[in-house]
>>> print(open('target_27.tsv').read())   # TSV, C-alpha atoms
chain	number	residue	atom	x	y	z
R	1	MET	CA	71.83	121.17	175.54
R	2	SER	CA	72.57	120.61	171.87
R	3	LEU	CA	75.57	120.64	169.53
R	4	GLU	CA	75.17	120.59	165.75
R	5	VAL	CA	77.24	121.31	162.64
R	6	THR	CA	76.04	122.37	159.20
R	7	PHE	CA	78.33	121.57	156.30
R	8	THR	CA	77.18	123.21	153.06
R	9	PRO	CA	75.88	126.53	151.72
R	10	ALA	CA	72.74	124.65	150.68
R	11	GLU	CA	71.76	124.89	154.37
R	12	PHE	CA	71.94	128.70	154.49
R	13	VAL	CA	68.34	129.11	153.32
R	14	ALA	CA	67.11	126.69	155.98
R	15	LEU	CA	69.11	128.56	158.63
R	16	ARG	CA	67.28	131.78	157.82
R	17	GLN	CA	63.97	129.97	158.35
R	18	ARG	CA	64.93	128.31	161.65
R	19	ASP	CA	64.23	129.74	165.07
R	20	LEU	CA	67.78	130.44	166.23
R	21	SER	CA	66.79	132.89	168.93
R	22	GLN	CA	68.17	130.64	171.69
R	23	THR	CA	71.15	129.37	169.67
R	24	VAL	CA	74.74	130.57	169.51
R	25	CYS	CA	76.25	130.18	166.04
R	26	VAL	CA	79.97	130.01	165.31
R	27	VAL	CA	80.81	130.50	161.64
R	28	PHE	CA	83.96	129.05	160.04
R	29	ASP	CA	85.42	130.05	156.70
R	30	VAL	CA	88.95	128.88	157.44
R	31	LEU	CA	90.26	129.66	153.94
R	32	ARG	CA	89.92	132.57	154.35
R	33	ALA	CA	87.14	135.01	155.27
R	34	THR	CA	86.68	134.40	158.99
R	35	THR	CA	90.43	134.05	159.49
R	36	SER	CA	90.92	137.41	157.78
R	37	MET	CA	88.23	139.07	159.90
R	38	VAL	CA	89.78	137.80	163.11
R	39	THR	CA	93.19	138.98	161.88
R	40	ALA	CA	91.83	142.41	161.02
R	41	LEU	CA	90.29	142.89	164.48
R	42	THR	CA	93.46	141.58	166.13
R	43	ASN	CA	95.37	144.26	164.22
R	44	GLY	CA	93.10	147.07	165.32
R	45	ALA	CA	90.32	147.29	162.74
R	46	ARG	CA	87.39	149.13	164.31
R	47	GLU	CA	84.55	147.24	162.64
R	48	ILE	CA	83.84	144.98	159.69
R	49	ILE	CA	80.63	144.98	157.66
R	50	PRO	CA	80.16	141.62	155.90
R	51	VAL	CA	77.95	141.83	152.81
R	52	CYS	CA	76.94	139.24	150.25
R	53	GLU	CA	77.24	141.23	147.02
R	54	ILE	CA	79.92	143.43	145.48
R	55	ALA	CA	77.34	146.13	144.78
R	56	GLU	CA	76.48	146.33	148.49
R	57	ALA	CA	80.11	147.00	149.39
R	58	VAL	CA	80.47	149.64	146.68
R	59	ALA	CA	77.29	151.38	147.89
R	60	LEU	CA	78.68	151.46	151.42
R	61	ARG	CA	81.88	153.08	150.14
R	62	GLN	CA	79.85	155.72	148.32
R	63	ALA	CA	78.08	156.54	151.58
R	64	ARG	CA	81.27	156.32	153.65
R	65	PRO	CA	84.32	157.36	151.57
R	66	ASP	CA	86.74	156.40	154.37
R	67	LEU	CA	85.55	152.78	154.38
R	68	LEU	CA	88.09	150.15	153.33
R	69	LEU	CA	86.79	147.62	150.81
R	70	ALA	CA	88.01	144.03	151.05
R	71	GLY	CA	87.01	140.75	149.47
R	72	GLU	CA	87.36	138.25	146.69
R	73	ARG	CA	85.73	136.46	143.85
R	74	ASN	CA	87.31	133.19	142.70
R	75	GLY	CA	89.91	133.77	145.42
R	76	LEU	CA	91.25	137.01	143.94
R	77	ARG	CA	90.89	140.66	144.96
R	78	ILE	CA	87.88	142.40	143.43
R	79	LEU	CA	88.85	144.91	140.76
R	80	ARG	CA	87.24	147.76	138.84
R	81	ALA	CA	86.23	145.41	136.02
R	82	GLN	CA	83.92	143.65	138.50
R	83	THR	CA	82.66	146.74	140.36
R	84	GLY	CA	82.34	149.10	137.42
R	85	SER	CA	83.89	151.89	139.45
R	86	VAL	CA	86.63	151.05	141.94
R	87	ASP	CA	89.33	148.53	142.81
R	88	PHE	CA	88.94	147.02	146.27
R	89	ASP	CA	91.66	148.06	148.73
R	90	LEU	CA	92.30	144.52	149.96
R	91	GLY	CA	91.64	140.97	148.90
R	92	ASN	CA	90.83	138.14	151.27
R	93	SER	CA	94.32	137.23	152.43
R	94	PRO	CA	94.89	137.50	156.19
R	95	ARG	CA	98.46	138.57	155.38
R	96	GLU	CA	97.06	141.80	153.89
R	97	PHE	CA	95.18	142.75	157.05
R	98	THR	CA	98.16	144.29	158.81
R	99	ARG	CA	98.02	146.94	161.54
R	100	ASP	CA	99.36	149.52	159.09
R	101	ARG	CA	96.54	148.81	156.64
R	102	VAL	CA	93.53	148.25	158.91
R	103	GLY	CA	94.35	149.75	162.32
R	104	GLY	CA	91.56	152.10	163.43
R	105	ARG	CA	89.65	151.61	160.17
R	106	ALA	CA	86.15	150.45	159.36
R	107	MET	CA	85.85	147.90	156.56
R	108	ALA	CA	83.28	146.26	154.32
R	109	ILE	CA	84.05	142.76	153.09
R	110	THR	CA	82.37	140.47	150.59
R	111	THR	CA	83.50	136.94	149.82
R	112	THR	CA	82.13	133.98	147.92
R	113	ASN	CA	80.88	132.07	150.96
R	114	GLY	CA	81.97	133.39	154.35
R	115	THR	CA	79.94	136.58	154.34
R	116	ARG	CA	76.88	134.67	153.13
R	117	ALA	CA	77.26	132.24	156.02
R	118	LEU	CA	77.38	135.06	158.55
R	119	GLN	CA	74.30	136.68	157.06
R	120	ALA	CA	72.43	133.35	157.21
R	121	CYS	CA	72.88	133.33	161.00
R	122	ARG	CA	71.53	136.82	161.65
R	123	GLY	CA	68.55	135.44	163.63
R	124	ALA	CA	70.73	133.69	166.22
R	125	ARG	CA	71.10	134.78	169.85
R	126	ARG	CA	74.82	135.37	169.27
R	127	VAL	CA	76.96	134.92	166.15
R	128	LEU	CA	80.71	134.46	166.63
R	129	VAL	CA	83.41	134.47	163.95
R	130	GLY	CA	85.49	131.30	164.21
R	131	SER	CA	88.98	130.39	163.01
R	132	PHE	CA	91.88	128.28	164.14
R	133	LEU	CA	93.57	131.51	165.24
R	134	ASN	CA	91.00	132.29	167.95
R	135	LEU	CA	89.65	128.78	168.56
R	136	GLY	CA	90.71	128.69	172.21
R	137	ALA	CA	89.13	132.07	172.90
R	138	VAL	CA	85.85	130.94	171.33
R	139	ALA	CA	85.82	127.67	173.30
R	140	ASP	CA	86.59	129.50	176.55
R	141	TRP	CA	83.77	131.99	175.92
R	142	LEU	CA	81.29	129.18	175.23
R	143	ALA	CA	82.24	127.59	178.55
R	144	ARG	CA	82.06	130.86	180.51
R	145	GLU	CA	78.69	131.74	179.05
R	146	ARG	CA	77.41	128.20	179.68
R	147	VAL	CA	75.98	128.08	176.19
R	148	GLU	CA	73.37	125.36	175.89
R	149	LYS	CA	72.58	125.41	172.16
R	150	LEU	CA	75.54	125.61	169.79
R	151	LEU	CA	75.39	125.50	166.01
R	152	VAL	CA	78.71	125.45	164.15
R	153	VAL	CA	78.30	126.67	160.58
R	154	CYS	CA	80.73	125.70	157.81
R	155	SER	CA	80.80	128.22	154.96
R	156	GLY	CA	81.85	125.67	152.35
R	157	THR	CA	83.37	126.10	148.90
R	158	LEU	CA	81.03	127.29	146.16
R	159	GLU	CA	77.88	125.27	146.97
R	160	GLU	CA	79.69	122.28	148.45
R	161	ALA	CA	81.16	121.28	151.79
R	162	SER	CA	84.79	122.25	152.36
R	163	TYR	CA	87.25	120.00	154.14
R	164	GLU	CA	89.03	122.87	155.90
R	165	ASP	CA	85.81	124.22	157.43
R	166	VAL	CA	84.87	120.76	158.66
R	167	LEU	CA	88.30	120.57	160.30
R	168	GLY	CA	87.69	123.91	162.01
R	169	ALA	CA	84.19	122.93	163.11
R	170	GLY	CA	85.51	119.59	164.36
R	171	ALA	CA	88.27	121.31	166.33
R	172	LEU	CA	85.70	123.45	168.11
R	173	CYS	CA	83.46	120.43	168.75
R	174	ASP	CA	86.44	118.61	170.22
R	175	ALA	CA	87.27	121.57	172.46
R	176	VAL	CA	83.72	121.80	173.90
R	177	TRP	CA	82.88	118.08	173.83
R	178	GLU	CA	82.61	117.62	177.59
R	179	GLN	CA	80.39	120.67	177.86
R	180	PHE	CA	77.83	119.20	175.46
R	181	SER	CA	78.34	115.43	175.78
R	182	GLY	CA	75.46	115.08	178.22
R	183	GLY	CA	73.01	116.66	175.80
R	184	LEU	CA	71.79	116.17	172.25
R	185	VAL	CA	74.90	115.83	170.08
R	186	ALA	CA	73.99	115.61	166.40
R	187	ASP	CA	75.67	113.09	164.12
R	188	SER	CA	77.06	116.06	162.18
R	189	ALA	CA	79.07	117.11	165.26
R	190	GLN	CA	80.34	113.54	165.69
R	191	VAL	CA	81.43	113.46	162.03
R	192	ALA	CA	83.22	116.82	162.21
R	193	ARG	CA	85.01	115.88	165.43
R	194	GLU	CA	86.21	112.54	164.04
R	195	ILE	CA	87.53	114.19	160.88
R	196	TYR	CA	89.41	116.74	162.97
R	197	ARG	CA	90.85	114.15	165.34
R	198	GLN	CA	92.15	112.12	162.39
R	199	GLY	CA	93.95	115.14	160.94
R	200	SER	CA	94.83	117.20	164.00
R	201	GLY	CA	98.41	115.95	164.23
R	202	ASP	CA	99.33	117.60	160.92
R	203	LEU	CA	96.70	120.10	159.82
R	204	LEU	CA	98.69	121.21	156.79
R	205	ALA	CA	98.82	117.65	155.46
R	206	ALA	CA	95.14	117.14	156.26
R	207	VAL	CA	93.98	120.33	154.59
R	208	GLN	CA	95.69	119.41	151.33
R	209	ARG	CA	92.75	117.08	150.77
R	210	ALA	CA	90.65	120.23	150.40
R	211	ARG	CA	89.82	121.60	146.98
R	212	ASN	CA	90.16	125.20	148.14
R	213	ALA	CA	93.52	124.58	149.81
R	214	ARG	CA	94.93	122.92	146.70
R	215	ARG	CA	93.84	125.90	144.61
R	216	LEU	CA	95.49	128.40	146.96
R	217	LEU	CA	98.66	126.34	147.25
R	218	ALA	CA	98.95	126.37	143.45
R	219	LEU	CA	99.05	130.19	143.40
R	220	PRO	CA	102.49	131.54	144.41
R	221	GLU	CA	101.04	134.82	145.71
R	222	LEU	CA	98.46	133.07	147.92
R	223	ARG	CA	100.00	129.76	149.00
R	224	GLU	CA	101.33	131.18	152.29
R	225	ASP	CA	97.74	131.96	153.30
R	226	VAL	CA	97.09	128.27	153.92
R	227	THR	CA	99.78	128.00	156.58
R	228	VAL	CA	98.72	131.28	158.18
R	229	CYS	CA	95.09	130.14	158.39
R	230	LEU	CA	96.05	126.91	160.15
R	231	GLN	CA	97.94	128.56	163.00
R	232	ARG	CA	96.32	127.70	166.30
R	233	ALA	CA	95.55	129.98	169.24
R	234	THR	CA	97.52	133.01	168.04
R	235	THR	CA	94.95	135.54	169.30
R	236	ASN	CA	92.44	135.90	172.12
R	237	VAL	CA	90.21	138.16	170.04
R	238	LEU	CA	86.53	137.28	170.03
R	239	ALA	CA	84.63	138.62	167.04
R	240	GLU	CA	80.86	138.88	166.98
R	241	LEU	CA	78.33	139.78	164.30
R	242	GLY	CA	76.00	142.21	166.03
R	243	ALA	CA	72.31	142.79	165.50
R	244	ASP	CA	73.26	145.77	163.32
R	245	GLY	CA	75.11	143.46	160.90
R	246	VAL	CA	78.57	144.66	161.91
R	247	VAL	CA	81.42	142.47	163.20
R	248	ARG	CA	83.28	143.89	166.20
R	249	ARG	CA	85.48	142.66	169.01
R	250	VAL	CA	83.58	141.30	171.98
R	251	SER	CA	84.29	143.39	175.06
R	252	GLU	CA	85.43	141.21	177.92
>>> encode(input="target_27.tsv", output="structure tokens")
Amino acid sequence: MSLEVTFTPAEFVALRQRDLSQTVCVVFDVLRATTSMVTALTNGAREIIPVCEIAEAVALRQARPDLLLAGERNGLRILRAQTGSVDFDLGNSPREFTRDRVGGRAMAITTTNGTRALQACRGARRVLVGSFLNLGAVADWLARERVEKLLVVCSGTLEEASYEDVLGAGALCDAVWEQFSGGLVADSAQVAREIYRQGSGDLLAAVQRARNARRLLALPELREDVTVCLQRATTNVLAELGADGVVRRVSE
């Protein structure tokens, strides 16, 4: 058994080159991509296609005119000036992904880091979308499935580690610690767990050490996202990136 955490986007290239065929990956982009995906599926979205580039999302819309486009660059919704043709329907705020907006719809989403992190894990046995919102559901699934090799992937901010993703990864490590404590637990998992345990009593205070959180909190239209993304166990939805590159709810 093994438990490991990766911290930065610099590790995405190495992930693509690793043999992950026996590994379950859980990807965290707490602020905000994976939280938004989990929210969208909770509110009835049919499927989500995560892509790395704006042009990929636009091409998907051209092929599927009913597809919702969502995503951000520099934290803000992608507009016609960036696509050359169309404004995106949604940004990357979980508060936008309401049942009225996404229920029954298919979506494509591109973000600065979260969608890249998911794509980097495509070779894994299973790839789950992690957030504080569905943390309990993810931990319960890992226990039920008796997962033996777990890799928790932090999406990071730009090309650096992000404090909020380390908190999320550490929370999951803490939740599954007994399951993996008899195996090979990497130092990275120990570090993430300790950081989470130090800040778990007041996540909002802890996350204000994060560069990304401070930026969002400084924007009146986005500051509420931080609190929303730190809510714990608000949904039992499990979200998985399938072999076809599409994120859907896991059927229980």
>>> closest_atom_pairs(input="target_27.tsv", of="stretch 154-232 of chain R", to="stretch 34-39 of chain R", cutoff="10 Å", atoms="only C-alpha atoms", output="JSON lines")
{"residue": "R:Ser155", "atom": "CA", "partner": "R:Thr34", "partner_atom": "CA", "distance": 9.4}
{"residue": "R:Asp225", "atom": "CA", "partner": "R:Thr35", "partner_atom": "CA", "distance": 9.8}
{"residue": "R:Val228", "atom": "CA", "partner": "R:Thr35", "partner_atom": "CA", "distance": 8.8}
{"residue": "R:Cys229", "atom": "CA", "partner": "R:Thr35", "partner_atom": "CA", "distance": 6.2}
{"residue": "R:Leu230", "atom": "CA", "partner": "R:Thr35", "partner_atom": "CA", "distance": 9.1}
{"residue": "R:Gln231", "atom": "CA", "partner": "R:Thr35", "partner_atom": "CA", "distance": 9.9}
>>> atom_distance(input="target_27.tsv", atom1="atom CA of R:Arg99", atom2="atom CA of R:Asp202")
29.4 Å
>>> residues_around(input="target_27.tsv", residues="stretch 42-44 of chain R", least_positions_apart="6", cutoff="10 Å", atoms="all atoms listed in the file", output="list in words")
Ser36, Phe97, Thr98, Arg99, Asp100, Arg101, Val102, Gly103, Gly104, Arg105, Ala106, Asn134, Thr234, Thr235, Asn236, Val237, Leu238, Ala239 and Arg249 of chain R
>>> residues_around(input="target_27.tsv", residues="stretch 147-150 of chain R", least_positions_apart="6", cutoff="8 Å", atoms="only C-alpha atoms", output="PyMOL selection string")
chain R and resi 1-4+22-26+180
>>> residues_around(input="target_27.tsv", residues="R:Ala117", least_positions_apart="5", cutoff="8 Å", atoms="only C-alpha atoms", output="list of chain:residue names")
R:Pro9, R:Phe12, R:Val27, R:Val153, R:Cys154, R:Ser155
>>> closest_residue(input="target_27.tsv", among="R:Phe132, R:Trp141, R:Tyr163, R:Trp177", to="R:Arg209", atoms="all atoms listed in the file")
R:Tyr163
>>> residues_around(input="target_27.tsv", residues="stretch 212-221 of chain R", least_positions_apart="6", cutoff="9 Å", atoms="all atoms listed in the file", output="ChimeraX atom specification")
/R:31,75,157,162-164
>>> residues_around(input="target_27.tsv", residues="stretch 87-96 of chain R", least_positions_apart="2", cutoff="7 Å", atoms="only C-alpha atoms", output="PyMOL selection string")
chain R and resi 32-33+35-36+39+68-72+76-80+98+225
>>> atom_distance(input="target_27.tsv", atom1="atom CA of R:Glu178", atom2="atom CA of R:Leu142")
11.9 Å
>>> residues_near_point(input="target_27.tsv", point="(81.5, 111.8, 164.5)", cutoff="12 Å", atoms="only C-alpha atoms", output="PyMOL selection string")
chain R and resi 3-5+166-167+169-171+173-174+177+185-198
>>> closest_atom_pairs(input="target_27.tsv", of="stretch 93-210 of chain R", to="stretch 52-62 of chain R", cutoff="7 Å", atoms="all atoms listed in the file", output="Markdown table")
| residue | atom | partner | partner_atom | distance |
| --- | --- | --- | --- | --- |
| R:Ala108 | CA | R:Ala57 | CA | 5.9 |
| R:Ile109 | CA | R:Ala57 | CA | 6.9 |
| R:Thr110 | CA | R:Cys52 | CA | 5.6 |
| R:Thr111 | CA | R:Cys52 | CA | 7.0 |
| R:Thr115 | CA | R:Cys52 | CA | 5.7 |
| R:Arg116 | CA | R:Cys52 | CA | 5.4 |
>>> closest_residue(input="target_27.tsv", among="R:Ile49, R:Val226, R:Ala10, R:Ala40", to="R:Leu118", atoms="only C-alpha atoms")
R:Ile49
